[in-house]
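> Next comes the structure file work-v1.txt, holding compact mmCIF, C-alpha atoms.
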```
# COMPACT_ATOMS: atom_id res chain seq x y z
CA MET A 1 -10.19 16.01 4.74
CA ALA A 2 -12.46 15.55 1.78
CA HIS A 3 -10.47 17.07 -1.05
CA ALA A 4 -12.01 17.78 -4.38
CA HIS A 5 -10.30 15.49 -6.86
CA LYS A 6 -9.60 16.48 -10.42
CA LEU A 7 -10.94 13.59 -12.43
CA GLU A 8 -9.42 14.16 -15.84
CA ILE A 9 -6.26 12.67 -17.31
CA PHE A 10 -4.56 13.33 -20.66
CA ARG A 11 -5.54 17.01 -20.41
CA GLY A 12 -9.22 16.25 -20.24
CA LEU A 13 -9.25 13.63 -23.00
CA VAL A 14 -10.34 10.95 -20.54
CA LYS A 15 -12.75 11.89 -17.77
CA PHE A 16 -13.73 9.71 -14.84
CA LYS A 17 -16.88 9.77 -12.76
CA SER A 18 -15.22 9.05 -9.42
CA ASN A 19 -11.76 8.99 -7.88
CA THR A 20 -11.89 5.18 -7.58
CA GLN A 21 -12.61 4.91 -11.27
CA LYS A 22 -9.72 7.22 -12.08
CA ILE A 23 -7.36 5.03 -10.01
CA TRP A 24 -8.29 1.94 -12.01
CA GLY A 25 -7.98 3.89 -15.24
CA VAL A 26 -4.46 5.00 -14.33
CA LEU A 27 -3.57 1.42 -13.35
CA ILE A 28 -4.64 0.19 -16.78
CA PHE A 29 -2.59 2.93 -18.44
CA LEU A 30 0.53 2.15 -16.33
CA SER A 31 0.16 -1.59 -17.01
CA ILE A 32 -0.01 -0.98 -20.75
CA ILE A 33 3.17 1.12 -20.59
CA THR A 34 4.98 -1.56 -18.56
CA ALA A 35 3.84 -4.22 -21.01
CA ILE A 36 5.19 -2.15 -23.93
CA GLU A 37 8.51 -1.69 -22.11
CA VAL A 38 8.88 -5.39 -21.34
CA ALA A 39 7.90 -6.42 -24.87
CA LEU A 40 10.45 -4.00 -26.38
CA GLY A 41 13.05 -5.18 -23.85
CA ILE A 42 12.60 -8.80 -24.90
CA VAL A 43 12.25 -8.29 -28.67
CA LYS A 44 14.78 -5.43 -28.98
CA PRO A 45 13.86 -4.55 -32.59
CA GLN A 46 17.00 -3.93 -34.59
CA PHE A 47 15.92 -0.63 -36.11
CA LEU A 48 15.57 0.72 -32.56
CA THR A 49 18.87 -0.60 -31.22
CA HIS A 50 20.98 0.20 -34.29
CA ASN A 51 19.85 3.77 -34.81
CA TYR A 52 20.90 6.66 -32.63
CA VAL A 53 19.28 9.99 -31.84
CA LEU A 54 21.47 12.56 -30.05
CA GLY A 55 24.04 9.89 -29.24
CA MET A 56 21.62 7.45 -27.62
CA LYS A 57 19.85 4.39 -29.04
CA ILE A 58 16.23 5.09 -30.00
CA LEU A 59 15.18 2.14 -27.82
CA ASN A 60 16.77 3.74 -24.76
CA TRP A 61 15.04 7.04 -25.52
CA ILE A 62 11.73 5.18 -25.63
CA PHE A 63 12.46 3.46 -22.31
CA ILE A 64 13.43 6.70 -20.56
CA ILE A 65 10.48 8.66 -21.92
CA LEU A 66 8.03 5.90 -20.96
CA THR A 67 9.60 5.83 -17.49
CA LEU A 68 9.07 9.56 -17.06
CA VAL A 69 5.47 9.18 -18.25
CA LYS A 70 4.94 6.46 -15.63
CA ALA A 71 6.58 8.60 -12.95
CA TYR A 72 4.28 11.49 -13.89
CA TYR A 73 1.11 9.47 -13.47
CA ILE A 74 2.26 7.84 -10.23
CA THR A 75 3.05 11.26 -8.75
CA TRP A 76 0.07 13.11 -10.20
CA ASP A 77 -2.68 10.56 -9.58
CA PHE A 78 -1.47 8.15 -6.90
CA MET A 79 0.29 10.78 -4.82
CA HIS A 80 -2.50 13.29 -5.60
CA MET A 81 -0.11 15.91 -6.92
CA ARG A 82 -2.83 16.89 -9.39
CA ASP A 83 -4.94 18.11 -6.46
CA GLU A 84 -2.19 20.04 -4.66
CA LYS A 85 -1.52 23.76 -4.95
CA ALA A 86 0.75 24.83 -7.79
CA SER A 87 3.31 26.21 -5.32
CA LEU A 88 3.66 22.86 -3.53
CA ARG A 89 3.75 20.98 -6.81
CA ARG A 90 6.44 23.15 -8.31
CA SER A 91 8.71 23.18 -5.29
CA VAL A 92 8.54 19.40 -4.94
CA VAL A 93 8.91 18.59 -8.62
CA TRP A 94 11.27 21.17 -10.09
CA THR A 95 13.86 21.16 -7.28
CA PRO A 96 14.90 17.50 -7.76
CA ILE A 97 14.55 17.71 -11.54
CA PHE A 98 16.98 20.62 -11.66
CA LEU A 99 19.48 19.04 -9.24
CA VAL A 100 19.34 15.60 -10.85
CA ALA A 101 19.72 17.00 -14.36
CA TYR A 102 22.79 18.91 -13.17
CA LEU A 103 24.29 15.85 -11.44
CA LEU A 104 23.67 13.63 -14.45
CA PHE A 105 25.24 16.16 -16.79
CA ILE A 106 28.38 16.41 -14.69
CA LEU A 107 28.82 12.71 -13.98
CA LEU A 108 28.05 11.43 -17.46
CA VAL A 109 30.34 13.92 -19.17
CA GLU A 110 33.11 13.00 -16.74
CA ALA A 111 32.48 9.29 -17.31
CA GLN A 112 32.69 9.80 -21.05
CA TYR A 113 36.07 11.46 -20.54
CA ILE A 114 37.36 8.57 -18.39
CA TYR A 115 36.12 6.13 -21.00
CA GLU A 116 38.20 7.95 -23.61
CA VAL A 117 41.26 7.85 -21.33
CA TYR A 118 40.86 4.08 -20.97
CA HIS A 119 40.12 3.64 -24.64
CA ASP A 120 42.76 5.86 -26.25
CA GLY A 121 45.53 5.61 -23.66
CA PHE A 122 48.74 3.69 -24.17
CA ILE A 123 48.10 1.34 -21.27
CA THR A 124 46.11 -1.84 -21.74
CA TRP A 125 43.43 -2.51 -19.14
CA ASN A 126 42.75 -5.97 -20.46
CA PHE A 127 45.40 -8.57 -19.66
CA MET B 128 7.71 45.39 4.52
CA ASP B 129 6.03 47.29 7.27
CA SER B 130 5.72 44.91 10.15
CA THR B 131 3.15 46.97 11.96
CA VAL B 132 0.42 46.44 9.40
CA THR B 133 -2.24 44.60 11.34
CA THR B 134 -5.40 45.64 9.61
CA GLY B 135 -8.12 43.56 8.02
CA THR B 136 -7.53 40.10 6.59
CA ASN B 137 -3.76 40.30 6.99
CA GLU B 138 -4.09 40.36 10.73
CA LYS B 139 -3.22 36.72 11.31
CA VAL B 140 -0.68 36.19 8.52
CA TRP B 141 2.29 36.18 10.87
CA GLY B 142 0.41 34.68 13.76
CA GLY B 143 0.83 31.10 12.64
CA GLY B 144 -1.88 28.64 11.84
CA ASN B 145 -1.82 29.42 8.12
CA GLN B 146 -1.43 26.80 5.43
CA PRO B 147 -0.11 28.65 2.38
CA LEU B 148 0.44 25.36 0.57
CA ASN B 149 -2.93 24.05 1.68
CA ALA B 150 -1.29 20.94 3.13
CA SER B 151 -0.89 19.88 6.73
CA TYR B 152 2.42 19.94 8.57
CA GLY B 153 2.76 16.15 8.46
CA LYS B 154 2.12 15.93 4.76
CA LEU B 155 4.60 18.71 4.01
CA MET B 156 7.27 16.99 6.08
CA MET B 157 6.62 13.77 4.19
CA TRP B 158 7.11 15.63 0.91
CA PHE B 159 10.31 17.13 2.31
CA PHE B 160 11.59 13.68 3.16
CA LEU B 161 10.58 12.27 -0.21
CA VAL B 162 12.42 15.03 -2.07
CA SER B 163 15.61 14.32 -0.12
CA ASP B 164 15.18 10.57 -0.58
CA ALA B 165 14.62 11.11 -4.30
CA LEU B 166 17.95 12.95 -4.41
CA THR B 167 19.65 10.05 -2.59
CA PHE B 168 18.34 7.51 -5.07
CA SER B 169 19.21 9.81 -7.97
CA GLY B 170 22.74 10.00 -6.60
CA PHE B 171 22.99 6.21 -6.64
CA LEU B 172 21.53 5.88 -10.11
CA ALA B 173 23.73 8.69 -11.43
CA ALA B 174 26.78 6.93 -9.94
CA TYR B 175 25.61 3.76 -11.67
CA GLY B 176 25.40 5.70 -14.93
CA PHE B 177 28.88 7.09 -14.32
CA SER B 178 30.41 3.63 -13.91
CA ARG B 179 28.45 2.26 -16.80
CA PHE B 180 29.57 5.04 -19.14
CA LYS B 181 33.17 4.41 -18.09
CA PHE B 182 32.86 0.79 -19.19
CA ILE B 183 30.23 1.28 -21.87
CA GLU B 184 31.81 -1.25 -24.22
CA SER B 185 32.00 -4.09 -21.73
CA TRP B 186 29.06 -3.61 -19.33
CA PRO B 187 27.01 -6.77 -18.66
CA ILE B 188 23.78 -7.12 -20.65
CA ALA B 189 20.94 -7.33 -18.12
CA ASP B 190 18.90 -9.70 -20.29
CA GLU B 191 21.69 -12.25 -19.98
CA VAL B 192 22.07 -11.81 -16.22
CA PHE B 193 18.49 -12.01 -14.98
CA THR B 194 17.08 -14.97 -16.87
CA HIS B 195 15.33 -17.04 -14.24
CA ILE B 196 11.80 -17.57 -12.97
CA PRO B 197 11.12 -19.49 -9.74
CA PHE B 198 10.19 -23.16 -10.27
CA PHE B 199 10.98 -23.08 -14.00
CA HIS B 200 14.13 -24.01 -15.83
CA GLY B 201 15.24 -22.26 -18.94
CA ASN B 202 15.96 -18.83 -20.26
CA TYR B 203 13.25 -16.26 -19.51
CA PRO B 204 14.72 -12.79 -19.42
CA MET B 205 12.69 -9.94 -17.97
CA TYR B 206 9.47 -11.78 -17.16
CA TYR B 207 10.07 -12.13 -13.44
CA VAL B 208 11.11 -8.53 -12.94
CA ALA B 209 8.11 -7.44 -15.01
CA PHE B 210 5.97 -9.44 -12.61
CA MET B 211 7.64 -7.69 -9.66
CA THR B 212 6.98 -4.31 -11.24
CA PHE B 213 3.34 -5.19 -11.74
CA ILE B 214 2.99 -6.37 -8.12
CA LEU B 215 4.39 -3.09 -6.87
CA ILE B 216 2.12 -0.97 -9.09
CA MET B 217 -0.81 -3.12 -7.99
CA SER B 218 0.00 -2.56 -4.31
CA SER B 219 0.28 1.16 -5.06
CA VAL B 220 -3.25 0.98 -6.42
CA THR B 221 -4.62 -0.77 -3.33
CA MET B 222 -2.84 1.87 -1.22
CA VAL B 223 -4.42 4.76 -3.07
CA LEU B 224 -7.79 3.01 -2.79
CA ALA B 225 -7.19 2.79 0.98
CA VAL B 226 -6.48 6.54 1.06
CA ASP B 227 -9.65 7.15 -0.95
CA ALA B 228 -11.71 4.97 1.41
CA GLY B 229 -10.14 6.87 4.31
CA HIS B 230 -11.40 10.17 2.91
CA LYS B 231 -14.88 8.68 2.91
CA MET B 232 -14.37 7.34 6.48
CA LYS B 233 -15.05 3.77 5.39
CA LYS B 234 -13.12 1.89 8.04
CA ASN B 235 -13.59 -1.65 6.75
CA ALA B 236 -12.60 -0.74 3.21
CA VAL B 237 -9.41 0.88 4.52
CA ILE B 238 -8.60 -2.27 6.48
CA TRP B 239 -9.01 -4.51 3.44
CA TYR B 240 -7.07 -2.31 1.06
CA LEU B 241 -4.21 -1.90 3.55
CA PHE B 242 -4.15 -5.65 4.04
CA LEU B 243 -3.80 -6.18 0.28
CA THR B 244 -1.06 -3.52 0.15
CA VAL B 245 0.92 -5.31 2.85
CA ILE B 246 0.56 -8.61 0.98
CA GLY B 247 1.75 -6.98 -2.26
CA GLY B 248 4.74 -5.45 -0.50
CA ALA B 249 5.63 -8.77 1.10
CA ILE B 250 5.48 -10.54 -2.28
CA PHE B 251 7.77 -7.88 -3.73
CA VAL B 252 10.34 -8.14 -0.92
CA GLY B 253 10.24 -11.93 -1.21
CA SER B 254 10.81 -11.73 -4.96
CA GLN B 255 13.66 -9.34 -4.38
CA ALA B 256 15.25 -11.81 -1.95
CA TRP B 257 14.86 -14.61 -4.48
CA GLU B 258 16.40 -12.44 -7.18
CA TRP B 259 19.36 -11.74 -4.91
CA ALA B 260 19.79 -15.41 -4.00
CA THR B 261 19.77 -16.40 -7.68
CA PHE B 262 22.22 -13.65 -8.55
CA ILE B 263 24.58 -14.57 -5.71
CA SER B 264 24.59 -18.30 -6.35
CA GLY B 265 25.34 -17.72 -10.02
CA ASP B 266 24.50 -19.41 -13.24
CA HIS B 267 27.22 -20.84 -15.47
CA GLY B 268 30.43 -19.83 -13.74
CA ALA B 269 33.33 -17.95 -15.32
CA VAL B 270 37.04 -17.26 -15.15
CA GLU B 271 38.44 -13.93 -14.02
CA THR B 272 41.62 -12.66 -15.62
CA ARG B 273 44.51 -10.89 -13.95
CA SER B 274 43.04 -7.53 -14.92
CA GLY B 275 39.67 -8.42 -13.45
CA ARG B 276 37.92 -9.11 -16.76
CA ILE B 277 35.47 -11.99 -16.96
CA LEU B 278 35.80 -14.86 -19.43
CA GLN B 279 32.61 -16.83 -19.99
CA PHE B 280 32.24 -20.02 -21.98
CA VAL B 281 30.06 -20.77 -24.96
CA ASN B 282 29.23 -23.93 -26.86
CA ALA B 283 30.41 -23.10 -30.37
CA ASP B 284 27.96 -25.57 -31.98
CA THR B 285 24.77 -24.21 -30.40
CA GLY B 286 25.90 -20.71 -29.48
CA GLU B 287 24.54 -21.25 -25.96
CA ARG B 288 26.35 -20.57 -22.72
CA ALA B 289 28.33 -23.51 -21.33
CA SER B 290 28.56 -24.09 -17.59
CA LEU B 291 31.88 -24.93 -15.98
CA ALA B 292 30.46 -28.33 -15.01
CA ASP B 293 29.78 -29.09 -18.69
CA PHE B 294 33.41 -29.24 -19.70
CA ALA B 295 35.77 -28.94 -16.71
CA LYS B 296 37.99 -31.96 -16.29
CA THR B 297 38.24 -33.43 -12.81
CA LEU B 298 41.89 -33.66 -11.84
CA PRO B 299 43.09 -35.48 -8.76
CA SER B 300 43.86 -32.88 -6.13
CA GLU B 301 44.46 -32.72 -2.43
CA ARG B 302 43.18 -29.15 -2.22
CA THR B 303 40.21 -28.58 0.10
CA VAL B 304 38.63 -25.52 1.65
CA HIS B 305 41.10 -24.17 4.16
CA GLU B 306 39.28 -23.88 7.47
CA ASN B 307 40.71 -22.16 10.49
CA LYS B 308 40.60 -25.36 12.58
CA ASN B 309 43.28 -26.81 10.27
CA GLY B 310 45.80 -24.06 10.73
CA LEU B 311 46.11 -20.50 11.79
CA TRP B 312 42.68 -19.14 12.68
CA PHE B 313 43.15 -15.93 10.75
CA THR B 314 43.95 -17.59 7.44
CA ALA B 315 40.67 -19.38 6.80
CA GLU B 316 39.06 -19.02 3.37
CA GLY B 317 35.28 -18.88 3.23
CA TYR B 318 34.74 -20.41 -0.12
CA MET B 319 36.43 -22.48 -2.75
CA PRO B 320 35.12 -22.79 -6.32
CA SER B 321 33.89 -26.20 -7.49
CA TYR B 322 36.70 -26.36 -10.05
CA SER B 323 40.27 -25.18 -10.02
CA LEU B 324 41.70 -23.08 -12.81
CA ALA B 325 43.83 -26.04 -13.94
CA GLU B 326 40.69 -28.16 -14.29
CA ILE B 327 39.00 -25.50 -16.42
CA GLU B 328 42.06 -25.16 -18.61
CA ALA B 329 42.41 -28.91 -19.11
CA GLY B 330 38.69 -29.21 -19.85
CA LEU B 331 38.82 -26.39 -22.38
CA LYS B 332 41.72 -28.08 -24.19
CA GLU B 333 39.81 -31.38 -24.39
CA HIS B 334 36.43 -30.03 -25.54
CA SER B 335 36.91 -28.71 -29.05
CA ASN B 336 33.42 -27.19 -29.14
CA ILE B 337 33.92 -24.85 -26.16
CA VAL B 338 35.07 -21.30 -26.82
CA ILE B 339 35.50 -18.18 -24.68
CA ARG B 340 33.16 -15.20 -24.65
CA THR B 341 34.73 -11.96 -23.43
CA GLU B 342 33.11 -8.91 -21.87
CA ASP B 343 33.62 -6.77 -24.96
CA ILE B 344 30.47 -5.78 -26.82
CA HIS B 345 30.65 -5.48 -30.62
CA GLN B 346 30.23 -1.82 -31.45
CA GLU B 347 29.46 -2.33 -35.13
CA GLY B 348 28.91 -5.00 -37.77
CA GLU B 349 26.42 -7.85 -37.79
CA HIS B 350 27.03 -8.79 -34.13
CA MET B 351 26.58 -5.22 -32.88
CA GLY B 352 25.28 -5.19 -29.33
CA HIS B 353 26.45 -8.74 -28.60
CA LYS B 354 29.41 -9.92 -26.57
CA THR B 355 32.53 -11.00 -28.46
CA VAL B 356 33.02 -14.74 -28.92
CA LEU B 357 36.63 -15.77 -29.55
CA SER B 358 37.81 -18.40 -32.00
CA ARG B 359 39.05 -21.73 -30.69
CA GLU B 360 42.73 -20.75 -31.03
CA ALA B 361 42.18 -17.37 -29.42
CA SER B 362 40.28 -19.05 -26.58
CA LEU B 363 43.14 -21.40 -25.78
CA GLU B 364 45.45 -18.40 -25.75
CA LYS B 365 43.09 -16.21 -23.67
CA ILE B 366 42.54 -18.78 -20.89
CA LYS B 367 46.20 -18.28 -19.94
CA ASP B 368 45.24 -14.84 -18.61
CA GLY B 369 42.92 -16.52 -16.10
CA LYS B 370 43.55 -16.03 -12.42
CA TYR B 371 40.40 -17.06 -10.52
CA VAL B 372 37.42 -19.28 -11.06
CA VAL B 373 34.29 -17.29 -10.24
CA GLU B 374 30.92 -18.80 -9.43
CA GLY B 375 28.14 -16.37 -8.71
CA ALA B 376 28.53 -12.80 -7.60
CA ASN B 377 29.51 -10.90 -4.50
CA LEU B 378 31.02 -7.51 -3.82
CA ILE B 379 34.49 -8.60 -4.98
CA HIS B 380 33.93 -11.05 -7.84
CA ASN B 381 31.13 -11.22 -10.35
CA GLU B 382 30.75 -13.99 -12.90
CA TYR B 383 28.34 -11.92 -15.02
CA GLY B 384 30.92 -9.31 -15.97
CA ASN B 385 32.14 -6.06 -14.51
CA ARG B 386 32.23 -6.34 -10.71
CA LEU B 387 30.83 -2.81 -10.38
CA PHE B 388 27.62 -4.16 -11.89
CA ALA B 389 27.19 -6.50 -8.94
CA ASP B 390 28.16 -3.79 -6.45
CA PHE B 391 25.56 -1.38 -7.79
CA PHE B 392 22.98 -4.14 -8.07
CA PHE B 393 23.38 -5.01 -4.40
CA PHE B 394 23.55 -1.40 -3.31
CA ILE B 395 20.66 0.07 -5.27
CA THR B 396 18.19 -2.82 -5.20
CA GLY B 397 19.21 -3.42 -1.59
CA PHE B 398 18.51 0.17 -0.61
CA HIS B 399 15.23 0.06 -2.49
CA GLY B 400 14.33 -3.30 -0.96
CA PHE B 401 15.00 -1.83 2.48
CA HIS B 402 12.61 1.00 1.66
CA VAL B 403 9.96 -1.51 0.63
CA PHE B 404 10.57 -3.45 3.82
CA SER B 405 10.17 -0.37 6.02
CA GLY B 406 7.11 0.60 3.96
CA VAL B 407 5.57 -2.76 4.77
CA ILE B 408 6.29 -2.15 8.46
CA PHE B 409 4.66 1.32 8.30
CA ASN B 410 1.68 -0.14 6.50
CA LEU B 411 1.35 -2.85 9.15
CA ILE B 412 1.44 -0.27 11.94
CA ILE B 413 -1.30 1.88 10.42
CA PHE B 414 -3.20 -1.30 9.49
CA PHE B 415 -3.44 -2.20 13.18
CA ASN B 416 -4.19 1.41 14.08
CA VAL B 417 -7.11 1.41 11.67
CA ILE B 418 -8.40 -1.83 13.16
CA LEU B 419 -8.10 -0.35 16.65
CA GLY B 420 -10.06 2.68 15.46
CA THR B 421 -7.30 5.21 16.16
CA TYR B 422 -8.05 7.29 13.08
CA GLU B 423 -11.81 6.89 13.48
CA LYS B 424 -11.44 8.55 16.89
CA ARG B 425 -9.09 11.19 15.48
CA GLY B 426 -11.73 12.08 12.95
CA HIS B 427 -9.59 11.71 9.84
CA TYR B 428 -7.38 9.18 8.06
CA GLU B 429 -4.55 11.53 7.15
CA MET B 430 -1.94 9.11 8.51
CA VAL B 431 -2.97 6.62 5.84
CA GLU B 432 -2.41 9.34 3.26
CA LYS B 433 1.05 10.19 4.59
CA VAL B 434 2.23 6.58 4.66
CA GLY B 435 0.58 6.23 1.27
CA LEU B 436 2.84 8.98 -0.09
CA TYR B 437 5.86 7.04 1.11
CA TRP B 438 4.56 3.82 -0.40
CA HIS B 439 3.92 5.40 -3.80
CA PHE B 440 7.38 6.91 -3.69
CA VAL B 441 8.86 3.42 -3.28
CA ASP B 442 6.93 2.38 -6.37
CA LEU B 443 8.17 5.49 -8.18
CA VAL B 444 11.78 4.65 -7.40
CA TRP B 445 11.30 1.10 -8.62
CA VAL B 446 10.06 2.41 -11.96
CA PHE B 447 13.44 4.09 -12.41
CA VAL B 448 15.49 1.19 -11.04
CA PHE B 449 13.61 -1.14 -13.39
CA THR B 450 14.43 1.05 -16.38
CA PHE B 451 18.08 1.66 -15.65
CA PHE B 452 19.00 -1.78 -14.35
CA TYR B 453 16.92 -4.07 -16.50
CA LEU B 454 15.85 -2.25 -19.65
CA VAL B 455 18.37 0.32 -20.84
```
Take the structure in the file and give it back as structure tokens.

Amino acid sequence: MAHAHKLEIFRGLVKFKSNTQKIWGVLIFLSIITAIEVALGIVKPQFLTHNYVLGMKILNWIFIILTLVKAYYITWDFMHMRDEKASLRRSVVWTPIFLVAYLLFILLVEAQYIYEVYHDGFITWNF
Amino acid sequence: MDSTVTTGTNEKVWGGGNQPLNASYGKLMMWFFLVSDALTFSGFLAAYGFSRFKFIESWPIADEVFTHIPFFHGNYPMYYVAFMTFILIMSSVTMVLAVDAGHKMKKNAVIWYLFLTVIGGAIFVGSQAWEWATFISGDHGAVETRSGRILQFVNADTGERASLADFAKTLPSERTVHENKNGLWFTAEGYMPSYSLAEIEAGLKEHSNIVIRTEDIHQEGEHMGHKTVLSREASLEKIKDGKYVVEGANLIHNEYGNRLFADFFFFITGFHGFHVFSGVIFNLIIFFNVILGTYEKRGHYEMVEKVGLYWHFVDLVWVFVFTFFYLV
């Protein structure tokens, strides 16, 4: 069962000598990302919470992108997706991404509509 | 396709025994399960997003809900859950090291790394239980209005949250918890708040420095992103809408704000916590199997790898739960 491991991350920018070393390297990277997230979550800099890009606070964009980066490295290096065949990788990764993106689109648009009904309707929901 | 082609290298293509994805049956089935489980969790988180978008202007602010650390008093948002996240990532690392040691057939290394993984998982589940207990028992207490909105109390001088005990006036009352031994067995009530609504109202009237904080979040201006604090006059008017005194959170009442927040918190972190718990059990089983030499005899440690996939998936889900419950 001795697989050959690919020992590069960041598209070859960082190379490791052994799989063990790569694991510790990825841990350090994930810890740094978590630390950045927590620090931003506590400080909440105003220029990130008061400015919006595509209808969402910049801070939330940062959180979601960092989360996806973390998810990528957990799947690729801890779950060894990097070493699997492209066909396995694509069927496992793209299927949920497509379905979840679709579900999120539907539910969030619908929720936005319900919010507007609550907000603009003639009935008070606060009494 | 011509099904009679049986020449050369294609001879065994339909005969079974091929691995077009270069992964064993067990590993593929684990990936299958993980994809379906990922969709389940996504469904929960998407439903959470749905409810949150519906009440986007009054949703509780997570920083103000999860503010405690075991053994310390005071206001420390985020730190404990950051610690939990780190523990889970750390146990993911020891798991992947166990898988790596398994590839090299180093039995003792596998045993040690699995042991550390189990410890990490147990710490995480314990922390989760503590987080639940703190959330359920509540913090400052609040009043729920007829429409189900939550009114919290703030000290106008310091701007800090005021607990019910800080200002509620104790009125003489005969009212006690109604137990079924004192009347009809089917009319018992499980729980009675420490203060009655009348006591809160009287206390609010007496303490001129206590004001009400509503669920509504300022959408613009200098207080943007913060909950609305009413003036003294408006507070005395608003308390008349009160219907219940709420301490802590359960599936029906939630002192931190919208009750759906508590429902989703219990449901999503509970489902995740159950995954962690079963992951710990799986890890324990293979831990003992490794000690007994089961995989040594089998000639490979693929079972460690398969359980490892599950364990990393649990970590992966937590990364998302952490973001959408505590950060965003």
> Which one of B:Glu306, B:Glu333, B:Asp227, B:Asp164 sits closest to B:Asp293 if you count all atoms listed in the file?
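For B:Asp293, the nearest of the given residues is B:Glu333.
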> Excluding B:Val338 and its own-chain neighbours fewer than 3 positions away, which residues fall within 12 Å of it when counting only C-alpha atoms? Please give them as a PyMOL selection string.
chain B and resi 278-291+294+327-328+330-335+341+355-366
> I need the residue nearest chain B from this list: A:Val43, A:Ile32, A:Ile106, A:Met79. Use all atoms listed in the file for the distance.
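The answer is A:Met79, which sits nearest to chain B.
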> Given a cut-off of 7 Å, which residues of chain A touch chain B, counting only C-alpha atoms, written out as a VMD selection string?
chain A and resid 1 to 2 20 23 27 38 41 60 63 67 71 74 78 to 79 85 87 to 88 92 96 100 104 107 to 108 111 to 112 114 to 115 125 to 127
> To one decimal in Å, tell me the separation between atom CA of A:Leu40 and atom CA of B:Ala376.
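Computing the Euclidean distance for atom CA of A:Leu40 and atom CA of B:Ala376 yields 27.5 Å.
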> Take every atom of stretch 77-95 of chain A listed in the file, pad by 5 Å on each side, and give me the axis-aligned box centre and edge lengths in Å, one decimal, as JSON.

```
{"center_x": 4.5, "center_y": 17.2, "center_z": -6.8, "size_x": 28.8, "size_y": 28.1, "size_z": 16.6}
```
> Tell me, in Å to one decimal, how far atom CA of B:Tyr383 is from atom CA of B:Tyr322.
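Separating atom CA of B:Tyr383 from atom CA of B:Tyr322 is a distance of 17.4 Å.
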> In Å to one decimal, how far is atom CA of B:Phe392 from atom CA of B:Phe452?
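Atom CA of B:Phe452 sits 7.8 Å away from atom CA of B:Phe392.
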> Closest to B:Phe391 among B:Phe171, B:Phe415, B:Tyr152, B:Trp257, using all atoms listed in the file?
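Between B:Phe171, B:Phe415, B:Tyr152, B:Trp257, the residue approaching B:Phe391 most closely is B:Phe171.
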> Mind filling out stretch 346-358 of chain B with N, CA and C atoms and sending it as a PDB file, in the coordinates of the input?

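Saved result, rebuild.pdb, follows:
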```pdb
ATOM      1  N   GLN B 346      30.772  -3.168 -31.284  1.00  0.00           N
ATOM      2  CA  GLN B 346      30.230  -1.820 -31.450  1.00  0.00           C
ATOM      3  C   GLN B 346      29.680  -1.584 -32.844  1.00  0.00           C
ATOM      4  N   GLU B 347      29.991  -2.489 -33.776  1.00  0.00           N
ATOM      5  CA  GLU B 347      29.460  -2.330 -35.130  1.00  0.00           C
ATOM      6  C   GLU B 347      29.440  -3.699 -35.804  1.00  0.00           C
ATOM      7  N   GLY B 348      28.956  -3.745 -37.030  1.00  0.00           N
ATOM      8  CA  GLY B 348      28.910  -5.000 -37.770  1.00  0.00           C
ATOM      9  C   GLY B 348      27.675  -5.811 -37.418  1.00  0.00           C
ATOM     10  N   GLU B 349      27.654  -7.055 -37.926  1.00  0.00           N
ATOM     11  CA  GLU B 349      26.420  -7.850 -37.790  1.00  0.00           C
ATOM     12  C   GLU B 349      26.173  -8.292 -36.347  1.00  0.00           C
ATOM     13  N   HIS B 350      27.226  -8.368 -35.519  1.00  0.00           N
ATOM     14  CA  HIS B 350      27.030  -8.790 -34.130  1.00  0.00           C
ATOM     15  C   HIS B 350      26.877  -7.615 -33.180  1.00  0.00           C
ATOM     16  N   MET B 351      26.660  -6.420 -33.707  1.00  0.00           N
ATOM     17  CA  MET B 351      26.580  -5.220 -32.880  1.00  0.00           C
ATOM     18  C   MET B 351      25.624  -5.422 -31.701  1.00  0.00           C
ATOM     19  N   GLY B 352      26.112  -5.044 -30.519  1.00  0.00           N
ATOM     20  CA  GLY B 352      25.280  -5.190 -29.330  1.00  0.00           C
ATOM     21  C   GLY B 352      25.452  -6.524 -28.630  1.00  0.00           C
ATOM     22  N   HIS B 353      26.216  -7.445 -29.245  1.00  0.00           N
ATOM     23  CA  HIS B 353      26.450  -8.740 -28.600  1.00  0.00           C
ATOM     24  C   HIS B 353      27.874  -8.827 -28.087  1.00  0.00           C
ATOM     25  N   LYS B 354      28.066  -9.737 -27.118  1.00  0.00           N
ATOM     26  CA  LYS B 354      29.410  -9.920 -26.570  1.00  0.00           C
ATOM     27  C   LYS B 354      30.280 -10.655 -27.597  1.00  0.00           C
ATOM     28  N   THR B 355      31.596 -10.415 -27.506  1.00  0.00           N
ATOM     29  CA  THR B 355      32.530 -11.000 -28.460  1.00  0.00           C
ATOM     30  C   THR B 355      32.804 -12.469 -28.122  1.00  0.00           C
ATOM     31  N   VAL B 356      32.681 -13.337 -29.112  1.00  0.00           N
ATOM     32  CA  VAL B 356      33.020 -14.740 -28.920  1.00  0.00           C
ATOM     33  C   VAL B 356      34.325 -15.000 -29.671  1.00  0.00           C
ATOM     34  N   LEU B 357      35.312 -15.559 -28.948  1.00  0.00           N
ATOM     35  CA  LEU B 357      36.630 -15.770 -29.550  1.00  0.00           C
ATOM     36  C   LEU B 357      36.636 -17.053 -30.354  1.00  0.00           C
ATOM     37  N   SER B 358      37.621 -17.151 -31.255  1.00  0.00           N
ATOM     38  CA  SER B 358      37.810 -18.400 -32.000  1.00  0.00           C
ATOM     39  C   SER B 358      38.429 -19.418 -31.053  1.00  0.00           C
TER      40      SER B 358
END
```
